[in-house]
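S.K.: Handing you a structure now.
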Amino acid sequence: MIVVTGAAGFIASALIARLNELGFKAIVAVDDFKNVNSAKERNLEDKAIRERVDLEDFHAWLDANQAEVEFIFHNGACSATTVFDKSVFDKLNYNYTKKLWEQCVDYQLPLVYASSAATYGDGALGYDDDHSFPPKLKPLNLYGESKNNFDIWALEQEKAPFFWAGLKYFNVYGPNEYHKERMASVVHHAYNQIKEKGAMKLFQSHHPDFEDGGQMRDFVYVKDVVEVQIFLMNSRKHSGIYNVGTGKARTFKDLVLATFAAMDKPADITYIPTPEDIRDKYQYFTEAKMDKLKAAGYNKAFHTLEEGVSDYVKNYLLKEKAIY
């Protein structure tokens, strides 16, 4: 059995779809099933899943069923950067993952868990996934802090699963994200705005080095993120923390222009002030350093921004098919 936590969420449900395509049907889906909203539940429709386990019951379930488990993908987390209750992140992102790590040590189970590019904060130290960096980083929000705290803890452990990897996802976009509302990708928001109004509003720049729409991110297509996870499951070598991005930053304007093009609509972009509740914690540039993953043997090409946006818009959004 392959365990996937956060199963009804964006990245994890896309992973389950890909695992199914590859012939893996014995999937154990772990999520907050006692509270999961009906919209998010759609991500698991038509997926081959052997068993559903509520996140609160999962540690006990694993104790009882560990002999049948082959691999664990831990994508479950509270990922909302607008949540300001530290106890939520301590419980779900830090302590929960510590317990799972310890179980994987005891049962010698391989573990891939989700970290985040939010750990890098304002990027002043760059975006290097070298293991000397986490103690130096200063995340800008509680979400990034919780992920970085776990990375630090994992690197300090004398006992580790025989294979483990922490994945620092950069700006992921693609099908299965429809339920994320404000936290959904700019592609998702751009498509809906363009469809409704024929135009798109982007945040103004409040930084002298970046023009409006010139803020840059390493946008990575969810299908590429999933391929990295599959590679690590098959490889099980070179444990450690890895960036997962394209390695090439692009502007928000580029992304929106690609969305207009995929929809075959003329570009119409205006700029509005960045909301004050996120303005002082806003990242103006992110770009994954990808040398380590390549050195570990990953050699698949990532979608370019235009390729990824085109696939997402034409094969999912325009067809009103939200699910991969």
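Within each chain, counting starts at residue 1; across the structure tokens, chains are named A, B, ... in the order shown, with ligands numbered 1 upward in that order.
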I need the residues of region 16-247 of chain A that end up classed as alpha helix (DSSP H) by DSSP on the backbone, written out as a PyMOL selection string.

M.R.: chain A and resi 16-21+38-41+58-65+86-89+96-107+142-156+186-197+222-235

S.K.: Can you pull out every residue within 12 Å of region 135-137 of chain A, counting only C-alpha atoms, but drop anything in the same chain fewer than 2 positions away, and send it as an NGL selection string?

M.R.: :A and (117-133 or 139-141 or 144-156)

S.K.: Once DSSP has gone over the backbone, tell me which residues of region 115-232 of chain A are in strand (DSSP E or B), as an NGL selection string.

M.R.: :A and (164-169 or 171-173 or 200-203 or 216-217 or 219-221)

S.K.: For the residues in that selection, give me C-alpha atoms as a tab-separated table (two decimals), in the first residue's frame.

M.R.:
chain	number	residue	atom	x	y	z
A	164	TRP	CA	13.48	10.41	3.24
A	165	ALA	CA	13.04	13.62	1.29
A	166	GLY	CA	11.61	17.02	2.17
A	167	LEU	CA	10.32	18.87	-0.89
A	168	LYS	CA	10.35	22.65	-1.04
A	169	TYR	CA	7.52	23.32	-3.47
A	171	ASN	CA	4.59	28.27	-6.83
A	172	VAL	CA	2.54	25.28	-7.91
A	173	TYR	CA	-0.41	25.66	-10.29
A	200	MET	CA	-7.21	40.71	-15.35
A	201	LYS	CA	-6.12	42.72	-12.33
A	202	LEU	CA	-2.62	42.18	-10.94
A	203	PHE	CA	-0.97	43.58	-7.84
A	216	MET	CA	8.78	37.14	-10.25
A	217	ARG	CA	8.08	33.59	-9.11
A	219	PHE	CA	5.94	28.83	-11.26
A	220	VAL	CA	5.89	25.02	-11.44
A	221	TYR	CA	3.17	22.86	-12.99

S.K.: Can you list, as a PyMOL selection string, every protein, DNA or RNA residue that comes within 12 Å of Ala67 (chain A) when you count only C-alpha atoms, leaving out same-chain residues fewer than 6 positions away?

M.R.: chain A and resi 1-2+61+103-104+106-109

S.K.: Please, could you write that set of residues out with N, CA and C atoms as a PDB file, in the first residue's frame?

M.R.:
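That gives us selection_6.pdb:
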ATOM      1  N   MET A   1       0.842  -1.192   0.000  1.00  0.00           N
ATOM      2  CA  MET A   1       0.000   0.000   0.000  1.00  0.00           C
ATOM      3  C   MET A   1       0.884   1.252   0.000  1.00  0.00           C
ATOM      4  N   ILE A   2       0.417   2.273  -0.692  1.00  0.00           N
ATOM      5  CA  ILE A   2       1.077   3.571  -0.702  1.00  0.00           C
ATOM      6  C   ILE A   2       0.176   4.553   0.029  1.00  0.00           C
ATOM      7  N   TRP A  61      -3.544   3.954  12.948  1.00  0.00           N
ATOM      8  CA  TRP A  61      -3.715   3.073  11.793  1.00  0.00           C
ATOM      9  C   TRP A  61      -2.363   2.556  11.311  1.00  0.00           C
ATOM     10  N   GLN A 103       7.627   7.205  13.479  1.00  0.00           N
ATOM     11  CA  GLN A 103       7.039   5.926  13.085  1.00  0.00           C
ATOM     12  C   GLN A 103       7.783   5.332  11.884  1.00  0.00           C
ATOM     13  N   CYS A 104       8.150   6.185  10.931  1.00  0.00           N
ATOM     14  CA  CYS A 104       8.884   5.700   9.764  1.00  0.00           C
ATOM     15  C   CYS A 104      10.269   5.183  10.157  1.00  0.00           C
ATOM     16  N   ASP A 106      10.904   3.772  13.177  1.00  0.00           N
ATOM     17  CA  ASP A 106      10.637   2.511  13.870  1.00  0.00           C
ATOM     18  C   ASP A 106      10.325   1.376  12.897  1.00  0.00           C
ATOM     19  N   TYR A 107       9.557   1.695  11.844  1.00  0.00           N
ATOM     20  CA  TYR A 107       9.099   0.652  10.924  1.00  0.00           C
ATOM     21  C   TYR A 107       9.923   0.606   9.635  1.00  0.00           C
ATOM     22  N   GLN A 108      10.964   1.479   9.558  1.00  0.00           N
ATOM     23  CA  GLN A 108      11.826   1.581   8.377  1.00  0.00           C
ATOM     24  C   GLN A 108      11.017   1.727   7.092  1.00  0.00           C
ATOM     25  N   LEU A 109      10.176   2.763   7.117  1.00  0.00           N
ATOM     26  CA  LEU A 109       9.358   3.112   5.967  1.00  0.00           C
ATOM     27  C   LEU A 109       9.925   4.356   5.289  1.00  0.00           C
TER      28      LEU A 109
END

S.K.: Would you mind reading off the distance between CA of Ala12 (chain A) and CA of Val30 (chain A), one decimal, in Å?

M.R.: 9.8 Å

S.K.: My list of candidates is A:Phe170, A:Tyr94, A:Phe33, A:Phe231. Which is closest to Ala77 (chain A) when distances are computed with only C-alpha atoms?

M.R.: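 Selected residue with least distance to Ala77 (chain A): A:Tyr94.
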
S.K.: Excluding same-chain residues fewer than 4 positions from region 289-301 of chain A, what lies within 9 Å of it counting only C-alpha atoms, as a short mmCIF file (atom, residue, chain, number, x, y, z; two decimals) with N, CA and C atoms, in the first residue's frame?

M.R.:
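Contents of result.cif, freshly written:
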data_model
loop_
_atom_site.label_atom_id
_atom_site.label_comp_id
_atom_site.auth_asym_id
_atom_site.auth_seq_id
_atom_site.Cartn_x
_atom_site.Cartn_y
_atom_site.Cartn_z
N GLY A 126 19.02 33.78 -0.77
CA GLY A 126 18.93 32.96 -1.96
C GLY A 126 17.99 31.78 -1.76
N TYR A 127 17.99 30.88 -2.73
CA TYR A 127 17.05 29.74 -2.72
C TYR A 127 17.83 28.44 -2.92
N ASP A 128 18.76 28.21 -2.01
CA ASP A 128 19.65 27.05 -2.08
C ASP A 128 19.14 25.99 -1.10
N ASP A 129 18.97 24.75 -1.58
CA ASP A 129 18.49 23.68 -0.71
C ASP A 129 19.61 22.93 0.00
N ASP A 130 20.76 23.57 0.12
CA ASP A 130 21.86 23.02 0.91
C ASP A 130 21.42 22.88 2.37
N ASP A 224 4.53 18.32 -12.97
CA ASP A 224 5.97 18.18 -12.76
C ASP A 224 6.29 17.86 -11.31
N GLU A 227 5.72 14.25 -10.81
CA GLU A 227 6.77 13.42 -11.40
C GLU A 227 8.00 13.35 -10.51
N VAL A 228 8.32 14.43 -9.85
CA VAL A 228 9.46 14.42 -8.91
C VAL A 228 9.18 13.44 -7.77
N PHE A 231 9.58 9.90 -9.00
CA PHE A 231 11.00 9.60 -9.15
C PHE A 231 11.63 9.21 -7.82
N LEU A 232 11.33 9.97 -6.79
CA LEU A 232 11.91 9.70 -5.48
C LEU A 232 11.42 8.37 -4.91
N SER A 235 13.44 5.80 -6.84
CA SER A 235 14.89 5.88 -6.62
C SER A 235 15.30 5.46 -5.21
N LYS A 237 17.13 6.93 -3.10
CA LYS A 237 18.54 7.20 -2.84
C LYS A 237 18.71 8.68 -2.52
N HIS A 238 19.80 9.01 -1.87
CA HIS A 238 20.18 10.40 -1.63
C HIS A 238 19.11 11.15 -0.83
N ILE A 241 16.77 17.32 1.67
CA ILE A 241 15.81 18.36 1.32
C ILE A 241 16.08 18.81 -0.11
N TYR A 242 15.00 18.92 -0.89
CA TYR A 242 15.13 19.28 -2.30
C TYR A 242 14.17 20.40 -2.67
N ASN A 243 14.68 21.34 -3.46
CA ASN A 243 13.79 22.30 -4.11
C ASN A 243 13.00 21.62 -5.20
N VAL A 244 11.75 22.04 -5.38
CA VAL A 244 10.94 21.57 -6.51
C VAL A 244 10.34 22.80 -7.19
N GLY A 245 11.05 23.26 -8.21
CA GLY A 245 10.61 24.36 -9.04
C GLY A 245 11.16 24.11 -10.44
N THR A 246 11.04 25.08 -11.32
CA THR A 246 11.59 24.91 -12.66
C THR A 246 13.04 25.37 -12.74
N GLY A 247 13.45 26.21 -11.77
CA GLY A 247 14.78 26.80 -11.83
C GLY A 247 14.83 28.07 -12.64
N LYS A 248 13.66 28.54 -13.09
CA LYS A 248 13.61 29.76 -13.90
C LYS A 248 12.44 30.64 -13.46
#

S.K.: Find the residues around Leu19 (chain A) up to 8 Å (only C-alpha atoms counted), leave out those fewer than 5 positions away in its own chain, and share them as a list in words.

M.R.: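 Counting only the stated atoms, we get Phe24, Lys25 and Ile230 of chain A.
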
S.K.: Pick from A:Met233, A:Val309, A:Ile49, A:Met263: nearest to Pro110 (chain A), with only C-alpha atoms counted?

M.R.: A:Met233

S.K.: Given the choices A:Leu305, A:Leu62, A:Leu142, A:Ile194, which gets closest to Asp218 (chain A) if the distance is worked out from only C-alpha atoms?

M.R.: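 Under the stated criterion, the closest residue is A:Leu305.
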
S.K.: With distances taken over only C-alpha atoms, which of A:Ser205, A:Pro161, A:Val222, A:Glu41 is nearest to Arg18 (chain A)?

M.R.: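 Of all the options, A:Val222 lies closest to Arg18 (chain A).
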
S.K.: Tell me, in Å to one decimal, how far CA of Tyr113 (chain A) is from CA of Ile27 (chain A).

M.R.: 16.5 Å
